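Data file: coords_3.txt. Format and content: compact mmCIF, C-alpha atoms.
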# COMPACT_ATOMS: atom_id res chain seq x y z
CA MET Q 19 36.96 149.55 85.96
CA PRO Q 20 39.00 147.17 83.80
CA MET Q 21 42.74 147.86 83.54
CA GLN Q 22 43.75 149.39 80.22
CA ARG Q 23 46.44 147.59 78.21
CA LYS Q 24 48.86 150.53 78.51
CA ASP Q 25 48.41 150.56 82.30
CA PHE Q 26 49.00 146.83 82.45
CA ILE Q 27 52.27 147.16 80.48
CA ARG Q 28 53.37 150.12 82.60
CA ASN Q 29 52.70 148.30 85.87
CA SER Q 30 54.42 145.16 84.58
CA LEU Q 31 57.53 147.16 83.69
CA LEU Q 32 57.59 148.81 87.09
CA THR Q 33 57.15 145.51 88.88
CA GLY Q 34 59.76 143.83 86.72
CA GLY Q 35 62.18 146.68 87.23
CA ALA Q 36 61.74 146.48 90.99
CA MET Q 37 62.38 142.74 90.90
CA VAL Q 38 65.53 143.21 88.81
CA ALA Q 39 66.74 146.02 91.08
CA GLY Q 40 66.10 143.80 94.09
CA LYS Q 41 68.07 140.97 92.53
CA LEU Q 42 70.95 143.30 91.67
CA THR Q 43 70.98 144.69 95.22
CA ALA Q 44 70.94 141.18 96.65
CA SER Q 45 73.71 140.12 94.27
CA ALA Q 46 75.85 143.11 95.23
CA SER Q 47 75.27 142.37 98.90
CA ALA Q 48 76.24 138.73 98.38
CA ALA Q 49 79.35 139.78 96.45
CA ASN Q 50 80.50 141.83 99.43
CA THR Q 51 80.44 138.76 101.65
CA THR Q 52 82.11 136.31 99.29
CA THR Q 53 85.81 135.59 99.09
CA PRO Q 54 87.58 136.95 95.97
CA ALA Q 55 88.71 134.44 93.37
CA GLU Q 56 92.09 132.78 93.75
CA GLY Q 57 94.79 134.88 92.13
CA THR Q 58 93.11 138.22 92.80
CA PRO Q 59 95.60 140.59 94.50
CA PHE Q 60 94.85 141.16 98.17
CA HIS Q 61 93.76 144.53 99.53
CA LEU Q 62 96.99 144.72 101.54
CA ASN Q 63 100.48 143.64 100.54
CA TYR Q 64 101.23 140.44 102.46
CA GLY Q 65 104.79 139.15 102.17
CA VAL Q 66 105.41 135.40 101.96
CA HIS Q 67 108.44 133.49 103.23
CA ASP Q 68 110.63 130.84 101.65
CA GLY Q 69 109.08 127.43 102.33
CA MET Q 70 105.46 128.51 102.73
CA PHE Q 71 104.41 126.81 99.49
CA LYS Q 72 107.09 124.15 99.11
CA GLU Q 73 104.53 121.30 99.15
CA GLN Q 74 102.78 122.65 96.05
CA ALA Q 75 105.53 124.63 94.30
CA GLY Q 76 108.62 122.61 95.24
CA LYS Q 77 111.73 123.61 97.15
CA GLU Q 78 113.13 126.00 94.53
CA TYR Q 79 112.76 129.51 95.93
CA THR Q 80 111.91 131.22 92.65
CA ASP Q 81 109.25 128.60 91.84
CA GLN Q 82 107.63 129.37 95.18
CA LEU Q 83 107.66 133.07 94.34
CA LYS Q 84 105.90 132.45 91.03
CA PHE Q 85 103.37 130.20 92.76
CA ALA Q 86 102.71 132.82 95.44
CA TYR Q 87 102.23 135.47 92.76
CA ASP Q 88 99.62 133.31 91.03
CA LEU Q 89 97.78 133.05 94.37
CA GLY Q 90 97.58 136.86 94.61
CA PHE Q 91 100.57 137.65 96.83
CA ARG Q 92 102.76 140.54 95.70
CA ALA Q 93 105.58 140.64 98.26
CA MET Q 94 108.21 138.50 99.94
CA GLU Q 95 110.43 138.92 102.98
CA ASP Q 96 113.51 136.89 103.83
CA ASN Q 97 115.22 137.35 107.20
CA GLY Q 98 118.36 135.51 106.12
CA PHE Q 99 118.64 137.02 102.64
CA VAL Q 100 121.94 138.78 103.36
CA ASN Q 101 123.64 135.43 104.02
CA ARG Q 102 122.51 133.78 100.79
CA PRO Q 103 125.15 133.39 98.02
CA VAL Q 104 125.34 136.44 95.77
CA ASP Q 105 124.25 134.51 92.68
CA GLN Q 106 121.13 133.33 94.51
CA GLN Q 107 120.39 136.86 95.72
CA GLU Q 108 120.59 138.07 92.14
CA LYS Q 109 118.38 135.25 90.85
CA ILE Q 110 115.73 136.01 93.47
CA GLY Q 111 115.96 139.73 92.71
CA ASN Q 112 115.59 139.19 88.97
CA THR Q 113 112.59 136.90 89.46
CA MET Q 114 110.83 139.38 91.71
CA ALA Q 115 111.51 142.24 89.30
CA LYS Q 116 109.96 140.28 86.41
CA LEU Q 117 106.91 139.41 88.50
CA GLY Q 118 106.55 142.91 89.89
CA MET Q 119 106.82 141.68 93.47
CA GLN Q 120 108.07 143.88 96.31
CA MET Q 121 110.84 142.94 98.72
CA GLY Q 122 110.09 143.21 102.41
CA VAL Q 123 112.61 143.07 105.23
CA PHE Q 124 115.78 141.15 105.67
CA VAL Q 125 117.83 141.19 108.88
CA VAL Q 126 121.00 143.21 109.42
CA ASP Q 127 123.57 140.64 110.49
CA LYS Q 128 124.93 141.62 113.91
CA GLY Q 129 125.40 138.12 115.31
CA GLY Q 130 121.89 137.29 116.53
CA ASN Q 131 118.98 139.01 118.27
CA GLY Q 132 120.54 139.18 121.72
CA ALA Q 133 124.21 139.21 120.81
CA ASN Q 134 126.63 142.16 120.63
CA THR Q 135 124.16 144.41 122.36
CA LEU Q 136 124.21 148.07 121.43
CA ALA Q 137 123.03 148.90 124.96
CA ALA Q 138 126.55 148.15 126.25
CA GLY Q 139 128.13 150.98 124.32
CA LYS Q 140 131.13 148.79 123.48
CA GLN Q 141 132.94 149.78 120.31
CA GLU Q 142 133.50 146.19 119.20
CA TYR Q 143 129.74 145.57 119.27
CA ILE Q 144 129.04 148.81 117.42
CA ASP Q 145 131.61 147.88 114.76
CA ILE Q 146 129.86 144.54 114.16
CA PHE Q 147 126.55 146.35 113.75
CA LEU Q 148 127.98 148.94 111.35
CA LYS Q 149 129.62 146.19 109.30
CA GLY Q 150 126.20 144.57 109.06
CA CYS Q 151 124.72 147.85 107.82
CA ARG Q 152 127.32 148.11 105.05
CA GLN Q 153 126.68 144.48 104.08
CA ALA Q 154 122.95 145.23 103.97
CA VAL Q 155 123.49 148.11 101.56
CA GLU Q 156 125.16 145.79 99.05
CA ALA Q 157 122.55 143.04 99.41
CA ALA Q 158 119.69 145.53 99.06
CA LYS Q 159 120.95 146.63 95.65
CA ARG Q 160 120.45 143.10 94.32
CA ILE Q 161 116.80 142.93 95.27
CA ASN Q 162 115.67 146.56 95.32
CA ALA Q 163 115.01 146.43 99.07
CA THR Q 164 113.86 149.32 101.23
CA TRP Q 165 113.69 147.91 104.78
CA VAL Q 166 116.20 146.04 106.93
CA THR Q 167 115.44 144.67 110.40
CA VAL Q 168 117.55 145.69 113.39
CA VAL Q 169 117.33 144.20 116.90
CA PRO Q 170 119.59 146.15 119.30
CA GLY Q 171 120.32 143.14 121.51
CA ASP Q 172 119.94 142.28 125.19
CA PHE Q 173 119.87 144.54 128.21
CA TYR Q 174 123.31 145.36 129.59
CA ASN Q 175 122.43 145.51 133.27
CA ARG Q 176 125.83 146.72 134.40
CA LEU Q 177 124.70 150.16 133.26
CA PRO Q 178 121.67 152.27 134.26
CA LEU Q 179 118.73 151.91 131.90
CA ASP Q 180 118.94 155.50 130.65
CA VAL Q 181 122.61 155.07 129.81
CA GLN Q 182 121.79 151.87 127.91
CA THR Q 183 119.11 153.75 125.97
CA ALA Q 184 121.56 156.54 125.13
CA ASN Q 185 124.07 153.95 123.91
CA VAL Q 186 121.45 152.37 121.64
CA ILE Q 187 120.46 155.77 120.21
CA SER Q 188 124.09 156.68 119.53
CA ALA Q 189 124.79 153.40 117.71
CA LEU Q 190 121.61 153.63 115.65
CA ARG Q 191 122.49 157.16 114.54
CA GLN Q 192 125.75 155.78 113.17
CA GLY Q 193 123.89 153.00 111.37
CA ALA Q 194 121.38 155.45 109.94
CA ALA Q 195 124.22 157.55 108.55
CA ILE Q 196 125.32 154.50 106.50
CA LEU Q 197 121.82 153.58 105.28
CA GLU Q 198 120.30 157.00 104.64
CA PRO Q 199 122.29 157.89 101.46
CA HIS Q 200 120.98 154.65 99.91
CA LYS Q 201 117.37 155.33 100.98
CA LEU Q 202 117.39 152.21 103.14
CA VAL Q 203 115.32 152.15 106.32
CA MET Q 204 116.30 150.09 109.35
CA VAL Q 205 113.16 149.04 111.17
CA LEU Q 206 113.63 148.40 114.89
CA GLU Q 207 111.79 145.33 116.13
CA PRO Q 208 110.65 145.01 119.74
CA LEU Q 209 110.46 141.29 120.59
CA SER Q 210 108.80 138.99 123.11
CA ASP Q 211 111.06 135.93 122.79
CA THR Q 212 112.85 136.57 126.08
CA PRO Q 213 112.67 139.30 128.77
CA ASP Q 214 116.43 139.75 128.34
CA LEU Q 215 115.93 141.66 125.08
CA PHE Q 216 116.35 145.42 125.42
CA LEU Q 217 113.63 146.49 122.97
CA ARG Q 218 110.22 145.42 124.29
CA THR Q 219 107.39 147.86 123.54
CA SER Q 220 106.09 150.09 120.78
CA ALA Q 221 106.31 153.22 122.98
CA GLN Q 222 109.97 152.52 123.84
CA THR Q 223 110.77 152.00 120.17
CA TYR Q 224 108.87 155.16 119.24
CA MET Q 225 110.92 157.21 121.68
CA ILE Q 226 114.19 155.81 120.31
CA CYS Q 227 113.18 156.55 116.71
CA LYS Q 228 112.32 160.12 117.66
CA ALA Q 229 115.72 160.48 119.32
CA VAL Q 230 117.63 159.02 116.35
CA ASN Q 231 115.70 161.48 114.18
CA SER Q 232 116.39 159.91 110.79
CA PRO Q 233 114.15 158.71 107.95
CA SER Q 234 116.34 155.60 108.04
CA CYS Q 235 115.26 154.59 111.57
CA LYS Q 236 111.64 153.51 112.03
CA ILE Q 237 109.50 150.88 113.80
CA LEU Q 238 108.82 147.31 112.73
CA PHE Q 239 105.50 146.60 114.43
CA ASP Q 240 105.35 142.80 114.70
CA MET Q 241 101.79 142.20 115.85
CA TYR Q 242 102.55 138.76 117.29
CA HIS Q 243 105.24 140.14 119.60
CA MET Q 244 103.24 143.25 120.45
CA GLN Q 245 100.16 141.20 121.35
CA ARG Q 246 102.31 139.22 123.78
CA ASN Q 247 104.12 142.22 125.27
CA GLU Q 248 101.44 144.89 125.44
CA GLY Q 249 98.18 144.00 123.64
CA ASP Q 250 95.74 146.79 122.69
CA ILE Q 251 97.13 146.55 119.16
CA ILE Q 252 95.07 149.15 117.31
CA ASN Q 253 95.55 151.83 119.97
CA HIS Q 254 99.31 151.24 120.08
CA ILE Q 255 99.45 151.43 116.28
CA ASN Q 256 97.65 154.78 116.41
CA GLN Q 257 99.94 156.15 119.14
CA THR Q 258 103.14 155.32 117.24
CA TRP Q 259 101.83 155.57 113.69
CA ASP Q 260 104.12 158.29 112.37
CA GLU Q 261 107.21 156.19 113.15
CA ILE Q 262 105.94 152.82 111.87
CA ALA Q 263 107.35 151.74 108.51
CA TYR Q 264 106.61 148.02 108.50
CA PHE Q 265 104.29 145.37 109.98
CA GLN Q 266 104.62 141.65 110.57
CA ILE Q 267 101.90 139.12 111.24
CA GLY Q 268 101.45 136.12 113.51
CA ASP Q 269 98.49 135.05 115.61
CA ASN Q 270 98.81 134.41 119.33
CA PRO Q 271 99.13 131.91 120.91
CA GLY Q 272 101.02 129.70 118.51
CA ARG Q 273 102.48 132.20 116.02
CA LYS Q 274 100.54 130.78 113.09
CA GLU Q 275 98.34 132.31 110.38
CA PRO Q 276 95.44 134.69 111.14
CA GLY Q 277 92.39 132.98 112.59
CA THR Q 278 94.32 130.46 114.68
CA GLY Q 279 94.54 132.59 117.83
CA GLU Q 280 93.04 135.53 119.65
CA VAL Q 281 94.01 138.46 117.40
CA ASN Q 282 91.20 139.94 115.29
CA TYR Q 283 93.26 140.40 112.15
CA LYS Q 284 90.31 141.25 109.94
CA ASN Q 285 89.64 144.37 112.02
CA ILE Q 286 93.34 145.25 112.22
CA PHE Q 287 93.82 144.85 108.45
CA LYS Q 288 90.76 147.02 107.82
CA HIS Q 289 92.18 149.64 110.19
CA LEU Q 290 95.54 149.68 108.39
CA TYR Q 291 93.82 149.89 105.00
CA ASN Q 292 91.67 152.81 106.14
CA LYS Q 293 94.75 154.60 107.47
CA GLY Q 294 96.29 154.29 104.01
CA TYR Q 295 99.10 151.84 104.75
CA LYS Q 296 100.82 150.89 101.48
CA GLY Q 297 103.80 148.92 102.72
CA VAL Q 298 104.45 145.22 103.19
CA LEU Q 299 103.00 143.09 105.99
CA GLY Q 300 105.41 140.21 106.49
CA MET Q 301 103.95 136.75 107.08
CA GLU Q 302 106.50 135.89 109.75
CA HIS Q 303 104.76 132.87 111.22
CA GLY Q 304 104.31 129.14 110.89
CA ILE Q 305 101.49 127.16 109.30
CA SER Q 306 99.00 125.39 111.54
CA GLY Q 307 98.22 122.59 109.08
CA LYS Q 308 100.37 120.00 107.36
CA GLY Q 309 101.24 119.38 103.73
CA VAL Q 310 99.21 120.70 100.80
CA ASP Q 311 96.06 121.04 102.91
CA GLY Q 312 97.94 123.24 105.37
CA GLU Q 313 99.18 125.52 102.60
CA LYS Q 314 95.68 125.83 101.16
CA ALA Q 315 94.27 126.61 104.60
CA LEU Q 316 96.92 129.32 104.98
CA VAL Q 317 95.74 131.05 101.80
CA ALA Q 318 92.10 130.66 102.83
CA ALA Q 319 92.89 132.27 106.19
CA TYR Q 320 94.42 135.30 104.46
CA ARG Q 321 91.51 135.54 102.04
CA ASP Q 322 89.12 135.58 104.99
CA ALA Q 323 91.10 138.14 107.03
CA ASP Q 324 91.58 140.33 103.95
CA ASN Q 325 87.87 140.29 103.12
CA PHE Q 326 87.09 143.41 105.16
CA MET Q 327 85.67 145.75 102.52
Take the structure in the file and give it back as structure tokens.
Amino acid sequence: MPMQRKDFIRNSLLTGGAMVAGKLTASASAANTTTPAEGTPFHLNYGVHDGMFKEQAGKEYTDQLKFAYDLGFRAMEDNGFVNRPVDQQEKIGNTMAKLGMQMGVFVVDKGGNGANTLAAGKQEYIDIFLKGCRQAVEAAKRINATWVTVVPGDFYNRLPLDVQTANVISALRQGAAILEPHKLVMVLEPLSDTPDLFLRTSAQTYMICKAVNSPSCKILFDMYHMQRNEGDIINHINQTWDEIAYFQIGDNPGRKEPGTGEVNYKNIFKHLYNKGYKGVLGMEHGISGKGVDGEKALVAAYRDADNFM
């Protein structure tokens, strides 16, 4: 029986619709596997460092910030910010405010990571730390900061470990009392640079934060250091989640951008996103490549690791 014209049109429409739907489905699937366009904000808030884009943006700090913003980054961290001249601090703060960028951590000046250890319980060391906290309060006002990094220092092996821990807790409570009225949060960073450093693991840091018992004392979970010291990153994040306020990034070995070592940052970033993390992830690492090509490869590495949706 010959096909009627109306049946032919109907079947053509159905076939055409199926083809269009198939193309749309394929396009949507392809879109999910492609890297977002340059300048699109990332899914997570990665914080750049001074010098990361100096080859393309020049050495001027604020020019680098503007360049990073145009690439899609929305945060910056600066370990040495507190020691910059006040007029430079204000210039950086004003630039970030205009761009709508968020400040990450800067370090409380207590004389260096291992120096003036709080584990010793010595008043002169505690005074240096508390002076650094007061200095941090003033610097934070100029850049609308929330987090400041604290490293308690080295072990003080003349004392039992539990006494050292009690000394650290006592000193941190005094620091928190300075920071808390200003809504500043010191984030304690366990490190892997040397076994002499007192703070080594996420569980140890978690216990200390619980003992200090202040919203101004939380964990800085540096994934480079934690991979070296304890591994099992996602499980350790889950175990200490309610005391973590900040993350830092660095692949291992090498402490370079994601994708240069053994850490599966795409899975970790997806995990943090799904847990609802809204803070900054500081890019505290080097760049594996050289010159402009190295800077472009850095951005490409973050685009790839951030493409987890």
*asked:* As an exercise, work out the distance from atom CA of Thr223 of chain Q to atom CA of Lys236 of chain Q in Å and give it to one decimal place.
replied: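 Between atom CA of Thr223 of chain Q and atom CA of Lys236 of chain Q the gap is 8.3 Å.
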*Please measure the separation of atom CA of Lys72 of chain Q and atom CA of Ala86 of chain Q, giving the value in Å to one decimal.*
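A separation of 10.4 Å between them.
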*asked:* Give me, as number ranges by chain, all polymer residues having an atom no more than 7 Å from Tyr242 of chain Q, counting only C-alpha atoms and skipping those fewer than 4 positions away in the same chain.
replied: Q: 246, 267-270, 273
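Among the candidate residues Q:Arg191, Q:Arg321, Q:Arg160, Q:Lys201, the one lying nearest to Ala229 of chain Q is Q:Arg191, with distances computed using only C-alpha atoms.
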*Nearest to Asp260 of chain Q among Q:Pro199, Q:Tyr295, Q:His243, Q:Gly277, with distances taken over only C-alpha atoms: which residue is it?*
Q:Tyr295
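Minimum atom-to-atom distance to Tyr264 of chain Q, evaluated using only C-alpha atoms, belongs to Q:Val203 out of Q:Val281, Q:Leu209, Q:Ala115, Q:Val203.
Between atom CA of Phe124 of chain Q and atom CA of Tyr87 of chain Q there is a distance of 19.6 Å.
Distances to Val155 of chain Q were evaluated for Q:Asn131, Q:His200, Q:Ala195, Q:Ala137 using all atoms listed in the file, and the minimum falls at Q:His200.
Comparing the minimum interatomic distances between Met327 of chain Q and each of Q:Lys314, Q:Arg102, Q:Arg218, Q:His289, counting only C-alpha atoms, we find that Q:His289 sits nearest.
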*Quick one: of Q:Val126, Q:Leu197, Q:Ile286, Q:Gln74, who's nearest to Ser232 of chain Q, counting only C-alpha atoms?*
Q:Leu197
